[in-house]
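Heads up, query-v1.pdb below (PDB, C-alpha atoms):
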```pdb
ATOM      1  CA  MET V   1      31.130   1.200  48.332
ATOM      2  CA  LYS V   2      32.857   0.924  44.960
ATOM      3  CA  PRO V   3      31.082  -2.357  44.044
ATOM      4  CA  VAL V   4      27.678  -0.809  44.851
ATOM      5  CA  LEU V   5      28.394   2.206  42.627
ATOM      6  CA  LEU V   6      29.677  -0.084  39.861
ATOM      7  CA  TYR V   7      26.505  -2.244  40.178
ATOM      8  CA  LEU V   8      24.251   0.833  39.912
ATOM      9  CA  VAL V   9      26.069   2.012  36.786
ATOM     10  CA  LEU V  10      26.215  -1.381  35.021
ATOM     11  CA  VAL V  11      22.681  -2.522  35.931
ATOM     12  CA  GLY V  12      20.709   0.606  36.804
ATOM     13  CA  ILE V  13      21.421   2.651  33.666
ATOM     14  CA  PRO V  14      20.420  -0.154  31.222
ATOM     15  CA  ILE V  15      17.209  -0.743  33.207
ATOM     16  CA  LEU V  16      16.393   2.979  33.040
ATOM     17  CA  GLY V  17      17.080   2.883  29.283
ATOM     18  CA  ILE V  18      14.708  -0.048  28.776
ATOM     19  CA  LEU V  19      11.979   1.653  30.808
ATOM     20  CA  GLY V  20      12.440   4.822  28.742
ATOM     21  CA  LEU V  21      12.141   2.887  25.462
ATOM     22  CA  LEU V  22       8.990   1.154  26.672
ATOM     23  CA  GLN V  23       7.474   4.522  27.578
ATOM     24  CA  VAL V  24       8.281   6.040  24.179
ATOM     25  CA  GLY V  25       7.089   2.913  22.311
ATOM     26  CA  GLN V  26       3.610   2.919  23.870
ATOM     27  CA  THR V  27       2.351   5.323  21.193
ATOM     28  CA  LEU V  28       3.637   3.218  18.271
ATOM     29  CA  SER V  29       1.453   0.783  16.363
ATOM     30  CA  ALA V  30       1.964  -1.431  13.340
ATOM     31  CA  PRO V  31       0.358  -0.391  10.046
ATOM     32  CA  ILE V  32      -2.719  -2.343   8.951
ATOM     33  CA  SER V  33      -2.110  -5.414   6.818
ATOM     34  CA  VAL V  34      -3.383  -5.089   3.248
ATOM     35  CA  ALA V  35      -1.077  -7.666   1.637
ATOM     36  CA  GLY V  36      -2.692 -10.345  -0.467
ATOM     37  CA  THR V  37      -4.799 -10.803  -3.567
ATOM     38  CA  TRP V  38      -7.776  -8.533  -4.152
ATOM     39  CA  ASN V  39     -10.578  -8.803  -6.731
ATOM     40  CA  ALA V  40     -10.705  -5.351  -8.305
ATOM     41  CA  GLN V  41     -13.398  -3.842 -10.494
ATOM     42  CA  LEU V  42     -12.725  -0.777 -12.641
ATOM     43  CA  SER V  43     -14.145   0.601 -15.851
ATOM     44  CA  LEU V  44     -11.813   2.624 -17.987
ATOM     45  CA  PRO V  45     -13.135   5.572 -19.999
ATOM     46  CA  SER V  46     -13.201   4.979 -23.759
ATOM     47  CA  GLN V  47     -10.122   7.148 -24.478
ATOM     48  CA  LEU V  48      -7.947   4.953 -22.216
ATOM     49  CA  ASP V  49      -9.686   1.712 -23.173
ATOM     50  CA  SER V  50      -9.091   2.164 -26.901
ATOM     51  CA  ALA V  51      -5.560   3.589 -26.717
ATOM     52  CA  ALA V  52      -3.073   2.326 -29.280
ATOM     53  CA  GLY V  53      -0.897  -0.567 -28.190
ATOM     54  CA  ASP V  54      -1.224  -2.762 -25.127
ATOM     55  CA  PRO V  55      -2.908  -0.865 -22.281
ATOM     56  CA  LEU V  56      -1.240  -0.674 -18.862
ATOM     57  CA  ILE V  57      -4.488  -1.515 -17.041
ATOM     58  CA  HIS V  58      -7.169  -3.691 -18.598
ATOM     59  CA  PRO V  59     -10.844  -2.780 -18.100
ATOM     60  CA  GLY V  60     -13.292  -4.883 -16.124
ATOM     61  CA  PRO V  61     -12.548  -7.373 -13.366
ATOM     62  CA  THR V  62      -8.886  -7.753 -12.560
ATOM     63  CA  LEU V  63      -6.653  -9.124  -9.839
ATOM     64  CA  LEU V  64      -4.728  -6.702  -7.659
ATOM     65  CA  ASN V  65      -1.784  -8.223  -5.799
ATOM     66  CA  ILE V  66      -0.458  -6.195  -2.887
ATOM     67  CA  SER V  67       2.900  -6.962  -1.301
ATOM     68  CA  GLN V  68       3.659  -5.199   1.967
ATOM     69  CA  SER V  69       6.671  -4.629   4.162
ATOM     70  CA  GLY V  70       5.767  -2.409   7.081
ATOM     71  CA  PRO V  71       4.082   0.694   5.677
ATOM     72  CA  ARG V  72       5.638   0.171   2.200
ATOM     73  CA  LEU V  73       3.438  -1.353  -0.535
ATOM     74  CA  PHE V  74       3.815  -2.762  -4.040
ATOM     75  CA  LEU V  75       0.585  -2.991  -6.071
ATOM     76  CA  ALA V  76       0.592  -5.156  -9.228
ATOM     77  CA  PHE V  77      -2.369  -5.661 -11.564
ATOM     78  CA  ASN V  78      -3.053  -9.130 -13.116
ATOM     79  CA  ASP V  79       0.331 -10.641 -12.128
ATOM     80  CA  ASP V  80       1.874  -9.222 -15.289
ATOM     81  CA  GLN V  81       4.247  -6.895 -13.418
ATOM     82  CA  LYS V  82       3.836  -4.409 -16.289
ATOM     83  CA  THR V  83       1.926  -2.024 -14.064
ATOM     84  CA  THR V  84       3.474  -1.902 -10.599
ATOM     85  CA  LEU V  85       2.704   0.931  -8.244
ATOM     86  CA  VAL V  86       4.853   1.681  -5.207
ATOM     87  CA  GLY V  87       3.400   3.447  -2.203
ATOM     88  CA  ASN V  88       2.637   3.589   1.485
ATOM     89  CA  VAL V  89      -0.209   2.791   3.826
ATOM     90  CA  GLN V  90      -0.889   5.235   6.636
ATOM     91  CA  ASP V  91      -3.825   4.626   8.956
ATOM     92  CA  MET V  92      -6.461   3.370   6.482
ATOM     93  CA  THR V  93      -5.215   5.344   3.451
ATOM     94  CA  ILE V  94      -3.117   4.000   0.578
ATOM     95  CA  ASP V  95      -1.158   6.273  -1.762
ATOM     96  CA  ALA V  96       0.902   4.798  -4.604
ATOM     97  CA  SER V  97       2.439   5.770  -7.953
ATOM     98  CA  VAL V  98       3.857   3.952 -10.986
ATOM     99  CA  PHE V  99       7.222   2.266 -10.658
ATOM    100  CA  ARG V 100       9.227   2.148 -13.876
ATOM    101  CA  ASP V 101      12.101  -0.293 -14.402
ATOM    102  CA  GLY V 102      13.217   1.222 -17.699
ATOM    103  CA  ARG V 103      11.218  -1.108 -19.965
ATOM    104  CA  ALA V 104       9.167   1.433 -21.906
ATOM    105  CA  ASN V 105       6.784   0.117 -24.501
ATOM    106  CA  SER V 106       5.528   1.785 -27.651
ATOM    107  CA  SER V 107       1.998   2.485 -26.436
ATOM    108  CA  SER V 108       0.722   6.002 -25.971
ATOM    109  CA  LEU V 109       0.247   5.219 -22.275
ATOM    110  CA  ALA V 110       4.003   4.660 -21.820
ATOM    111  CA  ALA V 111       4.447   8.322 -20.864
ATOM    112  CA  THR V 112       1.354   8.354 -18.648
ATOM    113  CA  ILE V 113       1.868   8.845 -14.925
ATOM    114  CA  ILE V 114      -0.426   6.705 -12.782
ATOM    115  CA  HIS V 115      -1.325   7.417  -9.156
ATOM    116  CA  PHE V 116      -3.588   5.510  -6.807
ATOM    117  CA  HIS V 117      -5.344   6.931  -3.760
ATOM    118  CA  GLY V 118      -7.707   4.790  -1.729
ATOM    119  CA  LYS V 119      -9.094   3.874   1.668
ATOM    120  CA  VAL V 120      -9.425   0.453   3.261
ATOM    121  CA  ASN V 121     -12.779  -0.329   4.848
ATOM    122  CA  ARG V 122     -12.290  -2.935   7.572
ATOM    123  CA  GLN V 123     -15.909  -2.667   8.758
ATOM    124  CA  THR V 124     -16.924  -5.134   6.046
ATOM    125  CA  GLU V 125     -16.028  -8.799   5.741
ATOM    126  CA  PRO V 126     -14.045  -9.313   3.538
ATOM    127  CA  ASP V 127     -12.098  -6.049   3.616
ATOM    128  CA  ARG V 128     -12.902  -3.521   0.870
ATOM    129  CA  LEU V 129     -10.575  -1.104  -0.834
ATOM    130  CA  VAL V 130     -12.220   1.909  -2.474
ATOM    131  CA  GLY V 131     -10.146   4.383  -4.392
ATOM    132  CA  VAL V 132      -9.299   6.036  -7.666
ATOM    133  CA  LEU V 133      -6.601   5.454 -10.280
ATOM    134  CA  ILE V 134      -5.453   8.784 -11.686
ATOM    135  CA  PHE V 135      -3.919   8.781 -15.171
ATOM    136  CA  GLU V 136      -1.994  11.981 -15.942
ATOM    137  CA  ASP V 137      -0.813  12.445 -19.499
ATOM    138  CA  GLY V 138       0.519  15.969 -19.844
ATOM    139  CA  PRO V 139      -2.376  18.414 -19.402
ATOM    140  CA  SER V 140      -5.064  15.718 -19.438
ATOM    141  CA  ARG V 141      -6.113  13.855 -16.305
ATOM    142  CA  THR V 142      -8.448  10.863 -16.115
ATOM    143  CA  GLU V 143      -9.787   9.399 -12.885
ATOM    144  CA  VAL V 144     -10.920   5.773 -12.828
ATOM    145  CA  PRO V 145     -12.830   4.530  -9.766
ATOM    146  CA  LEU V 146     -11.584   1.241  -8.337
ATOM    147  CA  THR V 147     -13.342  -1.033  -5.847
ATOM    148  CA  ALA V 148     -11.640  -4.199  -4.592
ATOM    149  CA  THR V 149     -12.426  -6.925  -2.088
ATOM    150  CA  ARG V 150      -9.842  -9.128  -0.413
ATOM    151  CA  GLN V 151      -9.814 -12.683  -1.762
ATOM    152  CA  GLY V 152     -10.491 -15.573   0.632
ATOM    153  CA  GLU V 153      -8.313 -14.521   3.563
ATOM    154  CA  VAL V 154      -9.302 -14.335   7.167
ATOM    155  CA  ARG V 155      -8.471 -10.945   8.611
ATOM    156  CA  LYS V 156      -5.384 -11.025  10.781
ATOM    157  CA  ALA V 157      -5.633  -9.309  14.142
ATOM    158  CA  THR V 158      -2.955  -6.640  14.194
ATOM    159  CA  GLY V 159      -2.250  -3.479  16.035
ATOM    160  CA  GLY V 160      -3.328  -0.360  14.259
ATOM    161  CA  ARG V 161      -6.639   1.314  14.020
TER     162      ARG V 161
END
```

File written out as structure tokens:
Amino acid sequence: MKPVLLYLVLVGIPILGILGLLQVGQTLSAPISVAGTWNAQLSLPSQLDSAAGDPLIHPGPTLLNISQSGPRLFLAFNDDQKTTLVGNVQDMTIDASVFRDGRANSSSLAATIIHFHGKVNRQTEPDRLVGVLIFEDGPSRTEVPLTATRQGEVRKATGGR
């Protein structure tokens, strides 16, 4: 009788634990994959375009590189790493803000806070990212529309929506 009870404890409880974890995990899904290089198009208003010094974001066509680890994202414009936004992807929505590493430059945009809010459209091939870059400099706020398409990658089938 003792070996049967010992068997139930040492085998039965772990099996019940695994079944419980499988039940809880059924509702979980991986975030969508947005990592890669995107061709972005934005047009900066004249007050940001002609700011003194080297601008953080250049007008016109640009490359947007997105690195992803789970729901966490790093967005870098034109591989220069000067403008890197850190954010998250949830469902089809991306929210990110400027990441500063302490290297401030002398431009008037150095004190500007930059946010990005956008949605991924996976109904198109290639994927499209439509959003807005928001530049906040004290009381002034400038919104710059951004549209990007994923560069030459075949969409990976993942969980998610």

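Selection check: the PyMOL selection byres ((chain V and resi 63) around 7) on the shown file gives V:Thr37, V:Trp38, V:Asn39, V:Ala40, V:Thr62, V:Leu64, V:Asn65, V:Phe77, V:Asn78.
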
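Across the structure, CA of Asn121 (chain V) and CA of Pro71 (chain V) are spaced 16.9 Å apart.
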
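Around the point (3.2, -4.7, 2.9), within 9 Å and counting all atoms listed in the file, we find these residues: Pro31, Ile32, Ser33, Val34, Ala35, Gly36, Ile66, Ser67, Gln68, Ser69, Gly70, Pro71, Arg72, Leu73, Phe74, Asn88 and Val89 of chain V.
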
Quick one: apply the PyMOL selection byres ((chain V and resi 126) around 7) to the file and drop the selected residues here as a list in words. Thr124, Glu125, Asp127, Arg128, Thr149 and Arg150 of chain V

Counting all atoms listed in the file, the residue of V:Glu143, V:Val130, V:Pro61, V:Ile113 that sits nearest Gln41 (chain V): V:Pro61

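Distance-wise, CA of Leu42 (chain V) and CA of Thr83 (chain V) end up 14.8 Å apart.
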
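Here CA of Ile134 (chain V) stands at a distance of 9.2 Å from CA of Ser97 (chain V).
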